[in-house]
Amino acid sequence: EAGVAQSPRYKIIEKRQSVAFWCNPISGHATLYWYQQILGQGPKLLIQFQNNGVVDDSQLPKDRFSAERLKGVDSTLKIQPAKLEDSAVYLCASSTRDRVEDTQYFGPGTRLTVL
Amino acid sequence: AQSVTQLDSQVPVFEEAPVELRCNYSSSVSVYLFWYVQYPNQGLQLLLKYLSGSTLVKGINGFEAEFNKSQTSFHLRKPSVHISDTAEYFCAVSPGYSSASKIIFGSGTRLSIRP
């Protein structure tokens with residue numbers, strides 16, 4: 001079974017530029033998560049989708065971050081414009097359902113450096 | 001609100017020695033608890049989880065953890081470590097009043113194994 005796929009793996013941009021990350025979850029997984037992991041910290045949930053609907057985006061900086069999962073499968077996270085403090089690893093995860101007993105499977109992440 | 005404290009940011013141990021990674025949580029309600037491992041340049045992988053039942057939880061790769069409600073702890077242990085256990089380990093908590101999957105991560109403990 002294929003795991004969670006993410007691209008690109010690395011991205012370097014100048015501040016005020018825009019960037020987009022892509023995630024393809026495990027086939028059949030209804031729930032998709034985007035996390036931000038700043039160096040030296042644990043992952044922080046940015047947004048959670050159930051199929052193509054948003055379940056939780058309370059920690060998403062909506063003035064610059066946006067995310068979509070239009071067909072309930074793959075997802076895109078965008079930052080526009082980027083700030084220096086957005087430098088982090090962006091992790092995508094998926095699970096079968098939005099249930100605590102269902103394991104979240106993580107992709108390898110996209111490492112973003114903002115100069 | 002729930003929070004997790006991982007008391008050690010780094011733990012160096014010799015190969016084949018035992019190890020304990022400490023985790024304490026704060027919550028006014030019951031909780032579910034998790035340990036995840038992140039190998040270099042990879043996403044997070046679930047090691048083990050406590051949802052209910054026996055307070056001693058066994059996970060993959062020979063790891064186990066014990067839920068101690070009175071001390072609000074969920075320490076991770078392994079009797080004999082290998083070089084391949086070199087990774088970052090994250091303790092995480094989810095509120096027990098909800099069946100939903102929101103997880104809050106600690107800041108991580110970097111385990112380094114010396115030959």
# chains A, B, ... in the order shown; residues from 1 in each chain; ligands from 1

$ interface_residues --of "chain A" --to "chain B" --cutoff "6 Å" --atoms "only C-alpha atoms" --output "ChimeraX atom specification"
/A:41-42,98-100,106-108

$ select_by_dssp --residues "segment 21-78 of chain A" --states "strand (DSSP E)" --output "short mmCIF file (atom, residue, chain, number, x, y, z; two decimals) with C-alpha atoms, in the first residue's frame"
data_model
loop_
_atom_site.label_atom_id
_atom_site.label_comp_id
_atom_site.auth_asym_id
_atom_site.auth_seq_id
_atom_site.Cartn_x
_atom_site.Cartn_y
_atom_site.Cartn_z
CA PHE A 21 2.58 22.25 -1.32
CA TRP A 22 0.79 19.16 -2.54
CA CYS A 23 -0.34 16.07 -0.66
CA ASN A 24 -1.84 12.79 -1.85
CA THR A 31 -9.46 12.51 6.81
CA LEU A 32 -6.49 14.65 5.83
CA TYR A 33 -4.34 16.85 8.07
CA TRP A 34 -1.74 19.55 7.46
CA TYR A 35 0.77 20.17 10.22
CA GLN A 36 3.51 22.78 10.60
CA GLN A 37 6.68 21.63 12.37
CA LYS A 44 1.14 21.80 15.11
CA LEU A 45 -2.15 21.16 13.33
CA LEU A 46 -2.95 23.82 10.75
CA ILE A 47 -6.05 22.37 9.13
CA GLN A 48 -8.04 19.15 9.05
CA PHE A 49 -10.34 17.96 6.26
CA GLN A 50 -13.04 15.31 6.36
CA GLY A 53 -14.98 19.73 4.09
CA VAL A 54 -12.95 21.59 6.72
CA VAL A 55 -13.24 20.12 10.23
CA ASP A 56 -10.76 22.37 12.05
CA PHE A 65 -2.42 30.49 4.42
CA SER A 66 -5.08 28.66 2.44
CA ALA A 67 -5.80 25.02 1.78
CA GLU A 68 -8.20 23.03 -0.32
CA SER A 75 -4.89 18.57 -1.14
CA THR A 76 -2.91 21.77 -1.66
CA LEU A 77 -1.62 24.13 1.03
CA LYS A 78 -0.63 27.62 -0.08
#

$ atom_distance --atom1 "atom CA of Asn52 of chain A" --atom2 "atom CA of Pro81 of chain A"
24.6 Å

$ closest_residue --among "B:Thr5, B:Asn61, B:Ser52, B:Ser112" --to "Arg77 of chain B" --atoms "only C-alpha atoms"
B:Asn61

$ atom_distance --atom1 "atom CA of Gln2 of chain B" --atom2 "atom CA of Ser70 of chain B"
16.0 Å
